[in-house]
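Colleague: Here it is: the structure, laid out below.
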Amino acid sequence: MAKVKEYGNAELEEKLRDTSYYTDDSNPQFLEDVKKISRTAANMCFQCGTCTGSCPSAPRSSYRIRLFMRKGVLGLEKEALNDPDLWLCTTCYSCTDRCPRDLAPTDVIMAMRNLAFKFDIVPRNFLKTVQLIYNSGHGVPNNDVNRAARVKLGLPADPPTTHSYPEFIPGIQKIMDFYKMKENADRILSEGEH
Amino acid sequence: MVETKNEPRIGVFLCHCGTNIAGSINIEEVKNYAKTLDGVVIADEYQYMCSTPGQSKIIDAINENNLNGVVVAACSPRLHEPTFRMATQEGGLNQFRFEMANIRDQNSWVHMHDLEGATEKAKDQVLIAVAKARMLEDLQPKSVPVEHAALVLGAGVGGMQAALDLANAGIKTYLVEKLPTIGGRMSQLDKTFPTLDCSQCILTPKMVDVGRHPLIELRTYTEVEKVEGYIGNFTITLRHKARGVLDPDQAAARAAATGILGTGCNGCGDCDAVCPVIKPNPFEMGMAPRKAIYIYHAQVMPLQYTIDFDACVKCGLCVDACGSEKNAIDLEAVDTFEEIKVGTCILAIGFDLIPIEEKREWGYKQYDNVITGLEFERLICASGPTVGHLIRPSDGKTPMKIGFVLCAGSRDNTGGVNKAYCSRFCCMYSLKHAHQIMEKIPGAVPYLFYMDIRSFGKMYEEFYYRIQNEGAKFIRGRVANILEDPITKNLIVNTEDTLLGRPVAMEMDMVVLAAAVQPKPEAEHIRQMFGVSKSQDGWLLEAHPKLNPCGTTTAGIYLAGVCQGPKDIPDTVAQAEGAASAASIPIHMGEVQLEPYFAMCMEDLCAGCGMCLNQCPYGALDLIEKNGRTVMEVTEAKCKGCGTCGGFCPGGAIKMQHFTSPQICAQIDAFLLKGGVN
């Protein structure tokens with residue numbers, strides 16, 4: 001059956017695109033990869049919805065963790081990895097606490113993000129976080145407002161982290177270089193600027 | 001015994017039934033009204049009249065007020081009439097000096113939000129009940145002896161279990177089966193969920209037990225022709241269909257009667273080998289051939305060949321092959337009849353699949369590779385037509401993607417199928433099928449298209465978990481239609497993945513329809529013979545869905561298995577054991593009490609016209625000569641008290657006990673005239 005019809009009009013073709021799920025839309029390896037990385041039996045999800053019901057992100061966004069679990073089971077790799085909602089999980093682990101089949105949906109999301117990164121599919125704010133960690137050791141570095149607040153509470157202006165001990169930053173950079181995180185983040189961000 | 005005078009002295013007792021009645025009816029007002037009624041000497045109320053203190057109120061009131069009639073206004077007599085009759089009797093009255101007004105089911109529950117109207121209606125109900133209570137008479141229940149034998153109709157797993165239980169309880173049991181062998185549907189199955197036992201392996205020991213039990217009289221290839229009588233004394237005519245093959249016992253009887261020698265059928269199969277007639281084999285769902293002389297399957301009980309006289313051309317080759325030593329075949333055999341007497345009967349007559357081809361959109365019988373669950377059982381079974389190799393009917397190839405359509409006809413009010421109910425075992429056997437293909441065909445993937453997975457039994461949900469873990473794919477969505485690729489004969493299954501919210505079009509190598517089940521076509525005739533009702537969906541009707549699930553409204557007839565409603569093997573066996581227990585009680589008691597509601601002929605008024613005889617649905621009436629006159633006589637044990645004759649009799653000569661014309665007229669008068677005229 002033809003999934004695409006030739007209307008000779010890109011806009012019309014997109015509008016009238018067949019959205020059916022066909023057998024060959026599925027990449028069974030995707031489910032296997034997700035299971036391997038997440039170390040949870042993602043295939044065992046029976047779609048009860050406890051995860052979405054527990055999710056603090058769901059009421060305020062279009063993020064539905066149950067749908068990611070479903071797409072994982074069906075092997076809908078492209079759809080799951082290209083969905084910007086994938087990055088709305090706050091990793092609070094409420095779903096993992098409550099899952100009746102003792103799965104870890106949070107870890108499934110983390111696995112999918114991991115796989116997305118291999119396709120260079122990462123939102124820019126996440127890449128900038130990588131750069132910040134590389135340069136300062138912090139995803140959210142200290143700033144003047146925080147410093148003032150800390151002083152007011154009788155704390156040192158900077159916490160006892162890389163802010164106070166910058167000599168440890170090269171160690172962090174060594175780990176990140178091993179995984180080529182900074183290199184890839186720089187590359188993807190610069191490609192996006194073209 | 002308290003002396004009962006002719007003057008009516010009636011006590012009225014109102015039940016609150018918690019708030020079931022008191023929440024919608026002003027009990028105080030009805031009580032005060034009851035006190036004003038003619039003949040009422042006491043009116044009382046209580047929270048729960050059926051409780052021990054409630055019953056004590058009745059007993060005490062009878063003694064203190066010298067009552068001769070009791071009215072309880074409460075729930076349905078089907079629930080508590082026996083309770084209050086007992087209390088009436090304990091108070092020293094005849095138990096039939098009791099009348100019940102149903103102010104709950106027929107009043108407070110239907111007029112829940114109309115206090116005023118419901119209260120007025122309750123007053124009328126009490127008025128009418130009191131009108132009858134004024135005219136009640138002492139009656140004596142009739143006791144009849146019970147035949148020490150039982151009938152079980154249908155020898156599937158339910159019927160076999162019931163027969164074994166009855167026989168083990170010391171009761172001679174006739175086990176009647178339409179087919180040439182016992183075993184039923186279960187012998188067609190490959191494995192059983194959730195334990196994955198081989199179905200035949202667990203069934204055949206039971207079949208052997210049945211065959212060997214000294215108290216079980218096996219009647220295979222036999223149908224019920226006629227049913228007469230009543231609980232304790234059924235006379236049942238059996239039709240032994242012409243089998244054309246004599247077993248050793250029958251051969252010995254023939255030798256004694258006619259001098260024709262022969263040892264009878266030993267199941268050797270020489271006849272089968274030479275028979276030239278080939279027909280589809282119904283045991284294999286038509287997927288294998290069968291000769292005109294056949295055994296139903298390899299593990300039949302009894303092992304005795306049968307001739308299909310609709311197919312047989314009477315060429316005589318089998319007679320020659322059988323030889324003069326056995327001389328088992330009689331091509332001129334005819335149906336014979338047998339009359340048996342039993343005390344109770346159990347119906348275990350089973351089910352069929354619906355004609356699923358009537359759901360045109362799923363393509364059964366249009367597309368080669370769409371099969372039913374029962375056909376799948378035969379294809380995956382090692383003793384089946386393919387020796388256990390699952391193949392596509394179109395090309396004999398092994399299917400790798402197999403779709404299972406659940407709720408195929410179940411939970412469906414439309415499309416010529418009209419089966420609103422859940423067939424209850426399709427989810428589980430489809431899970432089992434999924435397991436079997438993953439076990440037998442490496443790399444094969446089952447796709448289950450479902451609305452809900454109903455895995456409610458012991459270890460069933462765990463089985464579902466196991467099958468999902470083994471790799472079965474679940475698509476939540478009822479299959480809308482199936483299309484066939486005319487070249488590859490592959491099937492496109494269209495549905496919605498309702499969890500994803502997207503239409504689905506998946507290509508399958510083979511599709512298995514978990515077709516709904518329905519009553520056997522002959523169930524209608526059988527239930528009419530035995531006087532059993534059916535429920536809206538066509539299954540045989542139990543006496544009470546919760547509290548009497550094995551009994552029927554006809555005393556002495558019990559139900560077991562799917563004929564009462566879809567159920568799996570454990571539930572069928574459990575119900576069969578329940579039915580056997582219930583059916584054995586009257587037999588072990590030795591006698592049963594019948595309610596004295598039968599018709600009575602007032603011989604002075606009877607003209608002996610005999611017109612009532614044909615009206616009686618139970619054959620309870622006869623004409624006799626008495627004192628030089630022809631009069632009608634009622635066989636009380638046969639009479640069900642339906643009142644047909646009593647209403648019909650042109651001379652008013654038939655009295656329906658406990659429902660006499662004066663009693664009923666008094667009730668009508670009371671309602672229409674509000675007690676204004678006596």
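The chains in the structure tokens are called A, B, ... from first to last as shown; in each chain the residues are counted from 1, and the ligands are counted from 1 in the order shown.
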Once you count only C-alpha atoms, which residues of chain A turn out to be within 10 Å of chain B? Could you give them as a list in words?
Modeller: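 Listing them in order of chain and number gives Met1, Asp18, Thr19, Ser20, Tyr21, Tyr22, Thr23, Asp24, Asp25, Ala41, Ala42, Asn43, Met44, Cys45, Phe46, Gln47, Cys48, Gly49, Arg66, Leu67, Phe68, Arg70, Lys71, Val73, Leu74 and Arg101 of chain A.
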Colleague: Looking only at the backbone, which of the residues in segment 475-614 of chain B does DSSP tag as strand (DSSP E), as an NGL selection string?
Modeller: :B and (475-476 or 481-484 or 491-497 or 502-508 or 510-515 or 517-519 or 557-559 or 591-594 or 599-601)
Colleague: Selected residues, N, CA, C and O atoms, written as a compact mmCIF listing (two decimals), in the first residue's frame, please.
Modeller:
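In the end it all went to part07.txt:
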# COMPACT_ATOMS: atom_id res chain seq x y z
N ILE B 475 -1.69 -5.14 20.71
CA ILE B 475 -2.21 -3.91 20.10
C ILE B 475 -3.62 -3.72 20.64
O ILE B 475 -4.51 -4.54 20.36
N ARG B 476 -3.83 -2.66 21.41
CA ARG B 476 -5.17 -2.46 21.96
C ARG B 476 -6.05 -1.76 20.95
O ARG B 476 -5.93 -0.56 20.73
N ASN B 481 -11.20 -4.34 10.03
CA ASN B 481 -11.36 -5.25 8.90
C ASN B 481 -10.02 -5.88 8.55
O ASN B 481 -8.96 -5.45 9.02
N ILE B 482 -10.10 -6.92 7.76
CA ILE B 482 -8.91 -7.62 7.30
C ILE B 482 -8.98 -7.67 5.78
O ILE B 482 -10.04 -7.97 5.22
N LEU B 483 -7.87 -7.34 5.13
CA LEU B 483 -7.81 -7.41 3.67
C LEU B 483 -6.74 -8.42 3.27
O LEU B 483 -5.77 -8.62 4.00
N GLU B 484 -6.95 -9.05 2.12
CA GLU B 484 -5.99 -10.05 1.67
C GLU B 484 -5.20 -9.50 0.49
O GLU B 484 -5.78 -8.91 -0.43
N LEU B 491 -2.21 -11.01 4.93
CA LEU B 491 -3.41 -10.32 5.38
C LEU B 491 -3.05 -8.97 6.00
O LEU B 491 -2.10 -8.88 6.77
N ILE B 492 -3.78 -7.94 5.62
CA ILE B 492 -3.57 -6.62 6.22
C ILE B 492 -4.64 -6.42 7.28
O ILE B 492 -5.83 -6.43 6.97
N VAL B 493 -4.20 -6.27 8.52
CA VAL B 493 -5.13 -6.11 9.63
C VAL B 493 -5.27 -4.62 9.95
O VAL B 493 -4.27 -3.97 10.26
N ASN B 494 -6.46 -4.10 9.85
CA ASN B 494 -6.68 -2.68 10.11
C ASN B 494 -7.38 -2.49 11.45
O ASN B 494 -8.40 -3.10 11.72
N THR B 495 -6.79 -1.63 12.27
CA THR B 495 -7.41 -1.28 13.54
C THR B 495 -6.84 0.05 13.97
O THR B 495 -6.12 0.70 13.21
N GLU B 496 -7.18 0.47 15.19
CA GLU B 496 -6.50 1.63 15.76
C GLU B 496 -5.69 1.14 16.94
O GLU B 496 -6.18 0.33 17.73
N ASP B 497 -4.48 1.58 17.06
CA ASP B 497 -3.77 1.39 18.32
C ASP B 497 -4.29 2.48 19.24
O ASP B 497 -3.86 3.64 19.16
N ARG B 502 -3.44 6.01 16.96
CA ARG B 502 -3.11 6.05 15.53
C ARG B 502 -3.68 4.84 14.82
O ARG B 502 -3.73 3.75 15.39
N PRO B 503 -4.12 5.00 13.59
CA PRO B 503 -4.57 3.82 12.84
C PRO B 503 -3.40 2.86 12.60
O PRO B 503 -2.25 3.29 12.52
N VAL B 504 -3.74 1.60 12.49
CA VAL B 504 -2.72 0.57 12.33
C VAL B 504 -3.09 -0.26 11.11
O VAL B 504 -4.24 -0.62 10.93
N ALA B 505 -2.12 -0.56 10.27
CA ALA B 505 -2.33 -1.46 9.13
C ALA B 505 -1.16 -2.43 9.11
O ALA B 505 -0.09 -2.09 8.61
N MET B 506 -1.34 -3.59 9.70
CA MET B 506 -0.21 -4.50 9.86
C MET B 506 -0.37 -5.72 8.97
O MET B 506 -1.45 -6.29 8.88
N GLU B 507 0.72 -6.10 8.35
CA GLU B 507 0.67 -7.25 7.44
C GLU B 507 1.00 -8.52 8.22
O GLU B 507 2.01 -8.61 8.89
N MET B 508 0.10 -9.49 8.12
CA MET B 508 0.25 -10.75 8.85
C MET B 508 0.31 -11.91 7.86
O MET B 508 -0.29 -11.85 6.79
N MET B 510 -0.81 -14.86 8.84
CA MET B 510 -1.97 -15.67 9.18
C MET B 510 -2.75 -14.94 10.26
O MET B 510 -2.14 -14.21 11.05
N VAL B 511 -4.07 -15.10 10.29
CA VAL B 511 -4.88 -14.46 11.34
C VAL B 511 -5.78 -15.53 11.97
O VAL B 511 -6.39 -16.33 11.27
N VAL B 512 -5.80 -15.52 13.32
CA VAL B 512 -6.63 -16.47 14.06
C VAL B 512 -7.74 -15.67 14.74
O VAL B 512 -7.47 -14.76 15.51
N LEU B 513 -8.98 -16.02 14.42
CA LEU B 513 -10.12 -15.33 15.03
C LEU B 513 -10.55 -16.07 16.29
O LEU B 513 -10.89 -17.25 16.24
N ALA B 514 -10.52 -15.37 17.42
CA ALA B 514 -11.00 -15.97 18.67
C ALA B 514 -12.52 -15.80 18.70
O ALA B 514 -13.07 -14.93 19.36
N ALA B 515 -13.19 -16.67 17.94
CA ALA B 515 -14.62 -16.50 17.69
C ALA B 515 -15.42 -16.69 18.98
O ALA B 515 -15.08 -17.50 19.83
N VAL B 517 -18.59 -17.77 21.40
CA VAL B 517 -19.30 -19.04 21.50
C VAL B 517 -20.80 -18.78 21.62
O VAL B 517 -21.22 -17.70 22.03
N GLN B 518 -21.58 -19.78 21.24
CA GLN B 518 -23.03 -19.66 21.32
C GLN B 518 -23.61 -21.02 21.66
O GLN B 518 -22.93 -22.04 21.53
N PRO B 519 -24.89 -21.04 22.13
CA PRO B 519 -25.49 -22.33 22.47
C PRO B 519 -25.59 -23.23 21.25
O PRO B 519 -25.67 -22.77 20.11
N ILE B 557 -33.85 -30.56 37.75
CA ILE B 557 -33.01 -30.37 36.56
C ILE B 557 -31.90 -29.39 36.92
O ILE B 557 -32.16 -28.31 37.45
N TYR B 558 -30.67 -29.78 36.64
CA TYR B 558 -29.52 -28.96 37.00
C TYR B 558 -28.66 -28.71 35.76
O TYR B 558 -28.78 -29.42 34.75
N LEU B 559 -27.77 -27.71 35.85
CA LEU B 559 -26.96 -27.30 34.70
C LEU B 559 -25.49 -27.39 35.03
O LEU B 559 -25.08 -27.13 36.16
N GLU B 591 -36.90 -38.99 49.19
CA GLU B 591 -38.21 -38.45 48.84
C GLU B 591 -38.12 -36.92 48.78
O GLU B 591 -37.24 -36.31 49.38
N VAL B 592 -39.02 -36.34 48.00
CA VAL B 592 -39.06 -34.88 47.92
C VAL B 592 -40.45 -34.39 48.27
O VAL B 592 -41.44 -35.07 48.03
N GLN B 593 -40.49 -33.20 48.86
CA GLN B 593 -41.78 -32.60 49.18
C GLN B 593 -42.15 -31.65 48.05
O GLN B 593 -41.36 -30.82 47.63
N LEU B 594 -43.37 -31.78 47.58
CA LEU B 594 -43.85 -30.88 46.53
C LEU B 594 -44.79 -29.88 47.18
O LEU B 594 -45.56 -30.21 48.09
N ALA B 599 -53.73 -28.60 41.20
CA ALA B 599 -55.16 -28.45 40.91
C ALA B 599 -55.94 -29.57 41.61
O ALA B 599 -55.41 -30.64 41.85
N MET B 600 -57.21 -29.27 41.96
CA MET B 600 -58.05 -30.28 42.58
C MET B 600 -59.38 -30.29 41.84
O MET B 600 -59.96 -29.23 41.58
N CYS B 601 -59.82 -31.47 41.50
CA CYS B 601 -61.10 -31.56 40.80
C CYS B 601 -62.22 -31.65 41.83
O CYS B 601 -62.20 -32.51 42.71
Colleague: Can you tell me, as a ChimeraX atom specification, what residues are no more than 12 Å from Pro123 of chain A when counting only C-alpha atoms, ignoring any on the same chain fewer than 5 positions away?
Modeller: /A:81-88,113,116-117,128-130,185,188-189,192
Colleague: Write out as a PDB file with N, CA and C atoms, in the first residue's frame the residues lying within 12 Å of segment 132-147 of chain A, counting only C-alpha atoms and excluding same-chain residues fewer than 5 positions away.
Modeller:
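Result file part07.pdb:
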ATOM      1  N   ASN A 125      19.568  23.829  24.801  1.00  0.00           N
ATOM      2  CA  ASN A 125      19.838  24.140  26.208  1.00  0.00           C
ATOM      3  C   ASN A 125      20.608  23.018  26.885  1.00  0.00           C
ATOM      4  N   PHE A 126      20.340  21.767  26.440  1.00  0.00           N
ATOM      5  CA  PHE A 126      21.091  20.650  27.026  1.00  0.00           C
ATOM      6  C   PHE A 126      22.562  20.710  26.609  1.00  0.00           C
ATOM      7  N   LEU A 127      22.791  21.112  25.349  1.00  0.00           N
ATOM      8  CA  LEU A 127      24.172  21.194  24.859  1.00  0.00           C
ATOM      9  C   LEU A 127      24.929  22.312  25.575  1.00  0.00           C
ATOM     10  N   LYS A 152      24.415  36.199  52.973  1.00  0.00           N
ATOM     11  CA  LYS A 152      23.386  36.628  53.921  1.00  0.00           C
ATOM     12  C   LYS A 152      23.060  35.509  54.920  1.00  0.00           C
ATOM     13  N   LEU A 153      23.147  34.243  54.468  1.00  0.00           N
ATOM     14  CA  LEU A 153      22.884  33.103  55.340  1.00  0.00           C
ATOM     15  C   LEU A 153      24.112  32.697  56.153  1.00  0.00           C
ATOM     16  N   GLY A 154      25.203  33.454  56.004  1.00  0.00           N
ATOM     17  CA  GLY A 154      26.411  33.142  56.754  1.00  0.00           C
ATOM     18  C   GLY A 154      27.246  32.050  56.136  1.00  0.00           C
ATOM     19  N   LEU A 155      26.988  31.763  54.838  1.00  0.00           N
ATOM     20  CA  LEU A 155      27.783  30.735  54.140  1.00  0.00           C
ATOM     21  C   LEU A 155      28.866  31.419  53.324  1.00  0.00           C
ATOM     22  N   PRO A 156      29.903  30.653  52.941  1.00  0.00           N
ATOM     23  CA  PRO A 156      30.885  31.234  52.008  1.00  0.00           C
ATOM     24  C   PRO A 156      30.187  31.542  50.676  1.00  0.00           C
ATOM     25  N   ALA A 157      30.667  32.567  49.992  1.00  0.00           N
ATOM     26  CA  ALA A 157      30.028  33.003  48.753  1.00  0.00           C
ATOM     27  C   ALA A 157      29.974  31.879  47.733  1.00  0.00           C
ATOM     28  N   ASP A 158      31.026  31.046  47.650  1.00  0.00           N
ATOM     29  CA  ASP A 158      31.037  29.919  46.707  1.00  0.00           C
ATOM     30  C   ASP A 158      30.974  28.607  47.478  1.00  0.00           C
ATOM     31  N   PRO A 159      30.229  27.621  46.937  1.00  0.00           N
ATOM     32  CA  PRO A 159      30.138  26.313  47.607  1.00  0.00           C
ATOM     33  C   PRO A 159      31.450  25.535  47.491  1.00  0.00           C
ATOM     34  N   PRO A 160      31.642  24.528  48.329  1.00  0.00           N
ATOM     35  CA  PRO A 160      32.886  23.758  48.305  1.00  0.00           C
ATOM     36  C   PRO A 160      32.926  22.769  47.152  1.00  0.00           C
ATOM     37  N   THR A 161      32.762  23.296  45.949  1.00  0.00           N
ATOM     38  CA  THR A 161      32.789  22.465  44.731  1.00  0.00           C
ATOM     39  C   THR A 161      33.917  22.989  43.869  1.00  0.00           C
ATOM     40  N   THR A 162      33.798  22.744  42.546  1.00  0.00           N
ATOM     41  CA  THR A 162      34.832  23.261  41.635  1.00  0.00           C
ATOM     42  C   THR A 162      34.909  24.770  41.687  1.00  0.00           C
ATOM     43  N   HIS A 163      33.863  25.440  42.180  1.00  0.00           N
ATOM     44  CA  HIS A 163      33.945  26.891  42.322  1.00  0.00           C
ATOM     45  C   HIS A 163      35.033  27.268  43.311  1.00  0.00           C
ATOM     46  N   SER A 164      35.147  26.472  44.390  1.00  0.00           N
ATOM     47  CA  SER A 164      36.189  26.759  45.372  1.00  0.00           C
ATOM     48  C   SER A 164      37.498  26.051  45.033  1.00  0.00           C
ATOM     49  N   TYR A 165      37.360  24.923  44.296  1.00  0.00           N
ATOM     50  CA  TYR A 165      38.573  24.139  43.984  1.00  0.00           C
ATOM     51  C   TYR A 165      38.697  23.935  42.485  1.00  0.00           C
ATOM     52  N   PRO A 166      38.951  25.008  41.742  1.00  0.00           N
ATOM     53  CA  PRO A 166      38.988  24.893  40.269  1.00  0.00           C
ATOM     54  C   PRO A 166      40.050  23.909  39.776  1.00  0.00           C
ATOM     55  N   GLU A 167      40.981  23.512  40.652  1.00  0.00           N
ATOM     56  CA  GLU A 167      42.008  22.578  40.200  1.00  0.00           C
ATOM     57  C   GLU A 167      41.444  21.212  39.830  1.00  0.00           C
ATOM     58  N   PHE A 168      40.182  20.931  40.238  1.00  0.00           N
ATOM     59  CA  PHE A 168      39.570  19.626  39.890  1.00  0.00           C
ATOM     60  C   PHE A 168      38.881  19.657  38.532  1.00  0.00           C
ATOM     61  N   ILE A 169      38.711  20.852  37.956  1.00  0.00           N
ATOM     62  CA  ILE A 169      37.991  20.941  36.673  1.00  0.00           C
ATOM     63  C   ILE A 169      38.643  20.097  35.575  1.00  0.00           C
ATOM     64  N   PRO A 170      39.945  20.063  35.445  1.00  0.00           N
ATOM     65  CA  PRO A 170      40.546  19.223  34.384  1.00  0.00           C
ATOM     66  C   PRO A 170      40.159  17.748  34.499  1.00  0.00           C
ATOM     67  N   GLY A 171      39.950  17.266  35.751  1.00  0.00           N
ATOM     68  CA  GLY A 171      39.528  15.863  35.918  1.00  0.00           C
ATOM     69  C   GLY A 171      38.167  15.622  35.277  1.00  0.00           C
ATOM     70  N   ILE A 172      37.266  16.578  35.542  1.00  0.00           N
ATOM     71  CA  ILE A 172      35.931  16.472  34.935  1.00  0.00           C
ATOM     72  C   ILE A 172      36.044  16.526  33.418  1.00  0.00           C
ATOM     73  N   GLN A 173      36.877  17.426  32.935  1.00  0.00           N
ATOM     74  CA  GLN A 173      37.034  17.566  31.483  1.00  0.00           C
ATOM     75  C   GLN A 173      37.574  16.288  30.858  1.00  0.00           C
ATOM     76  N   LYS A 174      38.423  15.579  31.620  1.00  0.00           N
ATOM     77  CA  LYS A 174      39.008  14.350  31.101  1.00  0.00           C
ATOM     78  C   LYS A 174      37.891  13.301  30.858  1.00  0.00           C
ATOM     79  N   ILE A 175      36.988  13.214  31.844  1.00  0.00           N
ATOM     80  CA  ILE A 175      35.869  12.260  31.680  1.00  0.00           C
ATOM     81  C   ILE A 175      35.036  12.645  30.473  1.00  0.00           C
ATOM     82  N   MET A 176      34.695  13.946  30.365  1.00  0.00           N
ATOM     83  CA  MET A 176      33.833  14.391  29.270  1.00  0.00           C
ATOM     84  C   MET A 176      34.509  14.238  27.922  1.00  0.00           C
ATOM     85  N   ASP A 177      35.800  14.438  27.895  1.00  0.00           N
ATOM     86  CA  ASP A 177      36.534  14.258  26.628  1.00  0.00           C
ATOM     87  C   ASP A 177      36.497  12.799  26.183  1.00  0.00           C
ATOM     88  N   LYS A 180      33.562  12.316  24.397  1.00  0.00           N
ATOM     89  CA  LYS A 180      33.471  13.318  23.317  1.00  0.00           C
ATOM     90  C   LYS A 180      32.235  14.206  23.485  1.00  0.00           C
ATOM     91  N   MET A 181      31.872  14.511  24.717  1.00  0.00           N
ATOM     92  CA  MET A 181      30.643  15.274  24.937  1.00  0.00           C
ATOM     93  C   MET A 181      30.807  16.723  24.524  1.00  0.00           C
ATOM     94  N   LYS A 182      31.890  17.307  24.973  1.00  0.00           N
ATOM     95  CA  LYS A 182      32.104  18.731  24.660  1.00  0.00           C
ATOM     96  C   LYS A 182      32.293  18.901  23.156  1.00  0.00           C
ATOM     97  N   GLU A 183      33.095  17.999  22.601  1.00  0.00           N
ATOM     98  CA  GLU A 183      33.382  18.069  21.172  1.00  0.00           C
ATOM     99  C   GLU A 183      32.085  18.011  20.358  1.00  0.00           C
ATOM    100  N   ALA A 185      28.992  18.535  21.486  1.00  0.00           N
ATOM    101  CA  ALA A 185      28.122  19.670  21.796  1.00  0.00           C
ATOM    102  C   ALA A 185      28.556  20.898  20.998  1.00  0.00           C
ATOM    103  N   ASP A 186      29.834  21.145  20.974  1.00  0.00           N
ATOM    104  CA  ASP A 186      30.346  22.295  20.202  1.00  0.00           C
ATOM    105  C   ASP A 186      29.988  22.152  18.731  1.00  0.00           C
TER     106      ASP A 186
END
Colleague: List as an NGL selection string the protein and nucleic acid residues near Gly457 of chain B, meaning an atom at most 10 Å away when only C-alpha atoms are counted, but skip any in the same chain fewer than 3 places from it.
Modeller: :B and (194 or 428 or 454 or 460-463 or 568 or 570-571)
Colleague: Where in segment 397-500 of chain B does DSSP assign helix (DSSP H, G or I), given as a PyMOL selection string?
Modeller: chain B and resi 426-440+460-470
Colleague: Those residues you just picked out, can you put them in a file as a PDB file, in the first residue's frame with C-alpha atoms?
Modeller:
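Once written, part_10.pdb looks like this:
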ATOM      1  CA  CYS B 426     -10.808 -16.405  24.317  1.00  0.00           C
ATOM      2  CA  CYS B 427      -8.278 -14.012  25.942  1.00  0.00           C
ATOM      3  CA  MET B 428      -6.639 -16.872  27.737  1.00  0.00           C
ATOM      4  CA  TYR B 429      -6.541 -19.347  24.876  1.00  0.00           C
ATOM      5  CA  SER B 430      -5.202 -16.653  22.543  1.00  0.00           C
ATOM      6  CA  LEU B 431      -2.394 -15.994  25.044  1.00  0.00           C
ATOM      7  CA  LYS B 432      -1.788 -19.731  25.056  1.00  0.00           C
ATOM      8  CA  HIS B 433      -1.749 -19.801  21.232  1.00  0.00           C
ATOM      9  CA  ALA B 434       0.790 -16.954  21.283  1.00  0.00           C
ATOM     10  CA  HIS B 435       2.959 -19.004  23.606  1.00  0.00           C
ATOM     11  CA  GLN B 436       2.659 -22.082  21.418  1.00  0.00           C
ATOM     12  CA  ILE B 437       3.822 -20.389  18.221  1.00  0.00           C
ATOM     13  CA  MET B 438       6.765 -18.727  19.974  1.00  0.00           C
ATOM     14  CA  GLU B 439       7.674 -22.129  21.381  1.00  0.00           C
ATOM     15  CA  LYS B 440       7.292 -24.086  18.150  1.00  0.00           C
ATOM     16  CA  TYR B 460      -4.131 -16.206  34.689  1.00  0.00           C
ATOM     17  CA  GLU B 461      -2.712 -12.693  35.068  1.00  0.00           C
ATOM     18  CA  GLU B 462       0.654 -14.284  35.753  1.00  0.00           C
ATOM     19  CA  PHE B 463       0.254 -16.230  32.511  1.00  0.00           C
ATOM     20  CA  TYR B 464      -0.449 -12.982  30.651  1.00  0.00           C
ATOM     21  CA  TYR B 465       2.739 -11.513  32.156  1.00  0.00           C
ATOM     22  CA  ARG B 466       4.690 -14.562  31.065  1.00  0.00           C
ATOM     23  CA  ILE B 467       3.456 -14.433  27.464  1.00  0.00           C
ATOM     24  CA  GLN B 468       4.210 -10.701  27.187  1.00  0.00           C
ATOM     25  CA  ASN B 469       7.657 -11.378  28.557  1.00  0.00           C
ATOM     26  CA  GLU B 470       8.181 -14.083  25.945  1.00  0.00           C
TER      27      GLU B 470
END
Colleague: Fewer than 3 positions away in the same chain doesn't count, so skip those; otherwise give me all residues within 8 Å of Glu284 of chain B, counting only C-alpha atoms, as a PyMOL selection string.
Modeller: chain B and resi 188+281+287-288+375+378+384-385
Colleague: Atoms to include: N, CA and C atoms. Write the selected residues as an mmCIF file, in the first residue's frame.
Modeller:
data_model
loop_
_atom_site.group_PDB
_atom_site.id
_atom_site.type_symbol
_atom_site.label_atom_id
_atom_site.label_comp_id
_atom_site.auth_asym_id
_atom_site.auth_seq_id
_atom_site.Cartn_x
_atom_site.Cartn_y
_atom_site.Cartn_z
ATOM 1 N N GLN B 188 -10.665 -31.843 21.691
ATOM 2 C CA GLN B 188 -10.169 -31.198 20.467
ATOM 3 C C GLN B 188 -9.008 -30.242 20.746
ATOM 4 N N ASN B 281 -13.697 -34.446 8.050
ATOM 5 C CA ASN B 281 -13.694 -34.926 9.428
ATOM 6 C C ASN B 281 -14.091 -33.798 10.371
ATOM 7 N N MET B 287 -10.630 -30.244 8.328
ATOM 8 C CA MET B 287 -9.311 -30.070 7.701
ATOM 9 C C MET B 287 -8.628 -31.401 7.398
ATOM 10 N N ALA B 288 -9.326 -32.515 7.631
ATOM 11 C CA ALA B 288 -8.756 -33.826 7.342
ATOM 12 C C ALA B 288 -9.893 -34.705 6.834
ATOM 13 N N GLU B 375 -9.729 -24.198 14.951
ATOM 14 C CA GLU B 375 -8.909 -24.744 13.857
ATOM 15 C C GLU B 375 -7.433 -24.655 14.213
ATOM 16 N N ARG B 378 -6.368 -27.550 16.317
ATOM 17 C CA ARG B 378 -6.129 -28.788 15.585
ATOM 18 C C ARG B 378 -4.815 -28.702 14.804
ATOM 19 N N GLY B 384 -3.051 -33.753 15.283
ATOM 20 C CA GLY B 384 -3.929 -33.096 14.311
ATOM 21 C C GLY B 384 -3.540 -33.418 12.880
ATOM 22 N N PRO B 385 -4.217 -32.794 11.931
ATOM 23 C CA PRO B 385 -4.012 -33.136 10.514
ATOM 24 C C PRO B 385 -2.614 -32.796 9.991
#
